[in-house]
Amino acid sequence: MAGAWANQIVQGVLLGGLYAMFAMGLSLSAGVMRFINIAHGDLIVLVCFMVLSLAVGLGVPLLLAVAIIVPLAFVAGYVLQRLLLQRVLGQGVLPVILVTFGLSIIIQNALQGTYGADTRKVPAGSIETATIHVVDGINVGVLPLTIFVAAVLLVLLLDRVLYRTGIGARIRAVSDDPSAANLIGLPSPHIYAIAMGIVGITIAISGAFMAVWTNFDPTSGPSRLLIAFEAVVLGGLGSLWGTLAGGILLGVAQTLGGQFDAAWQVLAGHIAFLVIFTLRPQGLFPRY
Amino acid sequence: MTALLEVDALSVFYGKFRALFDVSLTIAEGEIVSIIGANGAGKSSLLKAIVGQVPRVEGEIRLSGRSMADQTTAARVAAGVALVPEGRRLFPSLTVEENLDIGWQTGRRGEIRRDDVYGYFPVLRERRNQRASQLSGGQQQMVALGRALLANPRLLLCDEISLGLAPVVIDGLYRMLPQIRDRGTAILIVEQDISRSLAVADRFYCLLEGKVNLSGRPGEFSREEVERSYFGG
């Protein structure tokens with residue numbers, strides 16, 4: 001019995017890796033640019049469908065498909081910020097929420113029109129079923145483990161970029177005071193657009209992993225957004241490691257809830273969120 | 001003397017409000033020029049127009065004879081114009097060193113390095129890993145000046161660098177200006193404190209309600225004459 005619970009916790013931690021990945025980009029845009037992108041989940045689903053088209057439709061090898069999408073996502077993030085989001089930034093919280101909400105609806109409908117409403121999945125071959133036997137009663141799937149390791153590496157990498165590089169310092173400078181940055185020749189629209197390009201990279205990577213691990217359809221975005229949002233708030237705004245911890249907490253809560261009753265899985269995550277949020281509204285590791 | 005900066009019939013507009021009226025001035029290489037004037041005379045608008053951060057201008061601003069009208073602020077800084085903004089405007093969550101490095105990254109990449117700034121202000125070397133928000137006002141002003149110096153400017157713009165600081169700290173900062181000038185950087189200082197800025201300046205312009213109403217060398221005018229044009233009337 002204890003073994004079954006231990007197994008669920010391990011599976012929950014691994015699931016949390018995927019959730020943390022969903023949330024990474026949201027954590028960056030909330031922490032650095034101080035806005036919430038309502039279309040975040042839909043952008044992830046958009047990447048899922050791009051992977052589907054490349055890998056299943058055109059037969060491109062999966063890794064090559066990701067290698068094509070990642071740089072595209074950086075450029076798309078840059079352009080999205082520069083041409084659209086930057087125009088409504090600094091005008092209060094509402095305009096940017098409305099614009100990204102509209103973007104969310106556009107993406108969902110464009111996907112419905114292009115791909116139909118069917119639930120899809122991208123087959124990844126033998127890695128999907130491969131498992132590693134840890135101890136009796138605990139088997140770890142290679143794919144979930146890969147995703148978890150990738151999530152940790154991504155946090156490490158983003159943390160280094162943000163706190164150990166020149167571009168990271170410039171991003172934090174603009175985040176501190178955009179108008180001061182403009183005065184001394186550090187153009188905030190360009191720097192914010194680079195930050196959004198980095199967000200785009202995290203969206204591409206998490207979308208690719210989601211495409212091979214779970215089912216998706218054109219309306220999957222908002223539920224991804226909700227989980228990502230919960231992970232960011234649980235972890236504390238602006239903290240990437242906090243976001244990882246938040247994702248893991250949600251994953252564990254879900255699998256433990258599912259151990260009671262399958263119907264409880266999703267609800268248990270939300271309840272855990274509400275309880276922790278009530279006790280600690282600033283999140284676990286708040287930066288602000 | 002060749003003019004480094006020429007401002008020619010410059011007017012600055014914020015919507016319907018006009019902050020400057022046909023202001024003309026020049027700054028030569030290696031010169032310290034002071035702009036004095038009361039609150040709201042248009043001093044900060046002049047500096048912001050030179051770095052390209054006002055909504056609309058008329059007239060010309062030239063650096064070494066080249067018009068800067070179409071250049072972004074980033075291009076002007078890279079060409080050698082650096083501003084020490086009013087109120088210092090450091091990035092509070094960045095360390096001293098990160099704040100300084102941003103000056104280097106946005107600037108002209110010349111001979112002034114971080115170590116030169118630490119030479120001018122040794123206390124900053126001790127505090128280089130502290131956040132800017134943890135520094136005293138005087139130290140923050142040193143970082144703001146150092147950040148602008150690291151852009152290796154040909155023209156350094158100082159906006160009210162004495163504001164809110166103790167007299168002994170201001171004395172220290174003002175002693176730096178001739179040293180910076182002697183390295184070949186021209187300096188334009190904007191101050192409300194007349195005596196301090198005239199003491200260090202080679203020439204001055206007095207602004208009143210957006211217009212130049214007195215200019216020349218500090219020794220050419222009595223204190224009463226300067227004060228009369230400062231306050232108007």
# chains A, B, ... in the order shown; residues from 1 in each chain; ligands from 1

call {"tool": "select_by_dssp", "arguments": {"residues": "range 4-218 of chain A", "states": "strand (DSSP E)", "output": "VMD selection string"}}
result
chain A and resid 131 to 135 138 to 141

call {"tool": "write_last_selection", "arguments": {"atoms": "N, CA and C atoms", "output": "compact mmCIF listing (two decimals), in the first residue's frame"}}
result
# COMPACT_ATOMS: atom_id res chain seq x y z
N THR A 131 10.13 2.07 -19.81
CA THR A 131 10.15 2.43 -18.39
C THR A 131 11.44 1.96 -17.76
N ILE A 132 11.76 2.61 -16.65
CA ILE A 132 12.92 2.21 -15.85
C ILE A 132 12.40 1.67 -14.53
N HIS A 133 12.85 0.48 -14.16
CA HIS A 133 12.43 -0.09 -12.89
C HIS A 133 13.30 0.47 -11.79
N VAL A 134 12.71 1.21 -10.84
CA VAL A 134 13.50 1.84 -9.77
C VAL A 134 13.60 0.88 -8.58
N VAL A 135 12.48 0.67 -7.89
CA VAL A 135 12.40 -0.38 -6.86
C VAL A 135 11.06 -1.08 -7.07
N ILE A 138 7.70 0.75 -8.05
CA ILE A 138 7.91 2.07 -8.66
C ILE A 138 8.62 1.91 -9.99
N ASN A 139 7.91 2.21 -11.06
CA ASN A 139 8.49 2.24 -12.39
C ASN A 139 8.36 3.65 -12.93
N VAL A 140 9.43 4.10 -13.54
CA VAL A 140 9.44 5.47 -14.05
C VAL A 140 9.47 5.44 -15.57
N GLY A 141 8.51 6.12 -16.19
CA GLY A 141 8.48 6.20 -17.64
C GLY A 141 9.65 7.03 -18.15

call {"tool": "residues_around", "arguments": {"residues": "Pro281 in chain A", "least_positions_apart": "6", "cutoff": "9 Å", "atoms": "only C-alpha atoms", "output": "PDB file with C-alpha atoms, in the first residue's frame"}}
result
ATOM      1  CA  VAL A 233       1.212  31.895  -8.308  1.00  0.00           C
ATOM      2  CA  LEU A 234       2.075  28.959  -6.022  1.00  0.00           C
ATOM      3  CA  GLY A 236       5.684  33.185  -6.197  1.00  0.00           C
TER       4      GLY A 236
END

call {"tool": "interface_residues", "arguments": {"of": "chain A", "to": "chain B", "cutoff": "8 Å", "atoms": "only C-alpha atoms", "output": "CSV table (one decimal) with C-alpha atoms, in the first residue's frame"}}
result
chain,number,residue,atom,x,y,z
A,166,GLY,CA,24.6,40.9,-20.1
A,169,ALA,CA,20.9,42.2,-16.8
A,170,ARG,CA,19.4,44.4,-19.6
A,172,ARG,CA,16.0,43.0,-15.5
A,173,ALA,CA,17.0,46.7,-16.0
A,176,ASP,CA,13.0,47.7,-13.1
A,177,ASP,CA,12.3,50.9,-14.9
A,180,ALA,CA,14.9,55.1,-17.2
A,182,ASN,CA,14.9,54.5,-22.6
A,183,LEU,CA,16.6,57.7,-21.2
A,184,ILE,CA,20.1,56.1,-21.2
A,185,GLY,CA,19.8,54.4,-24.6
A,186,LEU,CA,18.5,51.0,-23.6
A,187,PRO,CA,15.4,50.7,-25.8

call {"tool": "residues_around", "arguments": {"residues": "range 33-49 of chain A", "least_positions_apart": "3", "cutoff": "7 Å", "atoms": "only C-alpha atoms", "output": "PyMOL selection string"}}
result
chain A and resi 26+29-30+52-53+97+100-101+103-104+107-108+175+203-204+206-208+210-211+218+220-222+224-225

call {"tool": "write_last_selection", "arguments": {"atoms": "C-alpha atoms", "output": "mmCIF file, in the first residue's frame"}}
result
data_model
loop_
_atom_site.group_PDB
_atom_site.id
_atom_site.type_symbol
_atom_site.label_atom_id
_atom_site.label_comp_id
_atom_site.auth_asym_id
_atom_site.auth_seq_id
_atom_site.Cartn_x
_atom_site.Cartn_y
_atom_site.Cartn_z
ATOM 1 C CA LEU A 26 4.153 32.648 -18.071
ATOM 2 C CA SER A 29 6.321 37.314 -18.755
ATOM 3 C CA ALA A 30 4.631 37.893 -15.394
ATOM 4 C CA LEU A 52 1.685 17.376 -35.537
ATOM 5 C CA SER A 53 1.824 18.869 -39.030
ATOM 6 C CA ILE A 97 -5.461 41.115 -20.851
ATOM 7 C CA THR A 100 -4.228 38.432 -25.264
ATOM 8 C CA PHE A 101 -7.782 37.192 -24.610
ATOM 9 C CA LEU A 103 -5.475 36.416 -29.392
ATOM 10 C CA SER A 104 -6.554 33.295 -27.501
ATOM 11 C CA ILE A 107 -5.808 30.940 -32.167
ATOM 12 C CA GLN A 108 -8.514 28.507 -30.975
ATOM 13 C CA SER A 175 11.853 45.380 -15.966
ATOM 14 C CA ILE A 203 6.470 27.672 -25.267
ATOM 15 C CA ALA A 204 7.957 25.732 -28.189
ATOM 16 C CA SER A 206 6.785 22.675 -23.628
ATOM 17 C CA GLY A 207 4.375 22.415 -26.575
ATOM 18 C CA ALA A 208 6.559 19.777 -28.224
ATOM 19 C CA MET A 210 2.954 18.090 -24.495
ATOM 20 C CA ALA A 211 2.257 16.924 -28.042
ATOM 21 C CA PRO A 218 -7.864 23.142 -30.368
ATOM 22 C CA SER A 220 -6.997 22.561 -24.751
ATOM 23 C CA GLY A 221 -5.299 25.924 -24.220
ATOM 24 C CA PRO A 222 -7.310 27.441 -21.363
ATOM 25 C CA ARG A 224 -3.104 24.549 -19.726
ATOM 26 C CA LEU A 225 -3.218 28.245 -18.888
#

call {"tool": "closest_residue", "arguments": {"among": "A:Gly137, A:Gly238, A:Ile194, A:Leu267", "to": "Ala6 in chain A", "atoms": "only C-alpha atoms"}}
result
A:Gly137

call {"tool": "residues_around", "arguments": {"residues": "Gly65 in chain B", "least_positions_apart": "6", "cutoff": "12 Å", "atoms": "only C-alpha atoms", "output": "MDAnalysis selection string"}}
result
chainID B and resid 2:8 26:28

call {"tool": "residues_around", "arguments": {"residues": "Arg125 in chain B", "least_positions_apart": "2", "cutoff": "12 Å", "atoms": "only C-alpha atoms", "output": "count of residues only"}}
result
22

call {"tool": "closest_residue", "arguments": {"among": "A:Leu158, A:Leu250, A:Ala268, A:Ile191", "to": "Leu28 in chain A", "atoms": "only C-alpha atoms"}}
result
A:Leu158

call {"tool": "residues_around", "arguments": {"residues": "range 11-22 of chain B", "least_positions_apart": "6", "cutoff": "9 Å", "atoms": "only C-alpha atoms", "output": "compact mmCIF listing (two decimals) with C-alpha atoms, in the first residue's frame"}}
result
# COMPACT_ATOMS: atom_id res chain seq x y z
CA GLY B 40 10.07 74.74 -15.24
CA ALA B 41 12.41 76.92 -17.32
CA GLY B 42 12.87 74.03 -19.78
CA LYS B 43 16.29 72.77 -18.68
CA SER B 45 13.40 69.35 -21.74
CA LEU B 46 16.55 70.60 -23.43
CA ALA B 49 15.60 66.65 -26.58
CA VAL B 54 10.69 64.18 -26.11
CA PRO B 55 7.52 63.69 -28.20
CA ARG B 56 8.09 66.43 -30.81
CA VAL B 57 10.83 68.92 -31.63
CA GLU B 58 11.41 71.62 -34.20
CA GLY B 59 14.84 72.93 -35.08
CA GLU B 209 10.25 80.21 -19.54
CA GLY B 210 11.72 78.20 -22.39
CA LYS B 211 13.96 80.94 -23.85
CA VAL B 212 17.62 81.84 -23.49

call {"tool": "atom_distance", "arguments": {"atom1": "CA of Leu207 in chain B", "atom2": "CA of Ile36 in chain B"}}
result
6.2 Å

call {"tool": "closest_residue", "arguments": {"among": "A:Gly235, A:Pro286, A:Gly17, A:Gly57", "to": "Phe209 in chain A", "atoms": "only C-alpha atoms"}}
result
A:Gly17

call {"tool": "closest_residue", "arguments": {"among": "A:Val122, A:Phe74, A:Ala150, A:Gln86", "to": "Met50 in chain A", "atoms": "only C-alpha atoms"}}
result
A:Val122

call {"tool": "select_by_dssp", "arguments": {"residues": "range 44-86 of chain B", "states": "alpha helix (DSSP H)", "output": "ChimeraX atom specification"}}
result
/B:44-51,73-79

call {"tool": "residues_around", "arguments": {"residues": "range 174-180 of chain B", "least_positions_apart": "3", "cutoff": "12 Å", "atoms": "only C-alpha atoms", "output": "PyMOL selection string"}}
result
chain B and resi 30-34+112+116-117+119-121+141-142+145-146+148-150+152-158+160-162+167-171+183-189+191+195-202
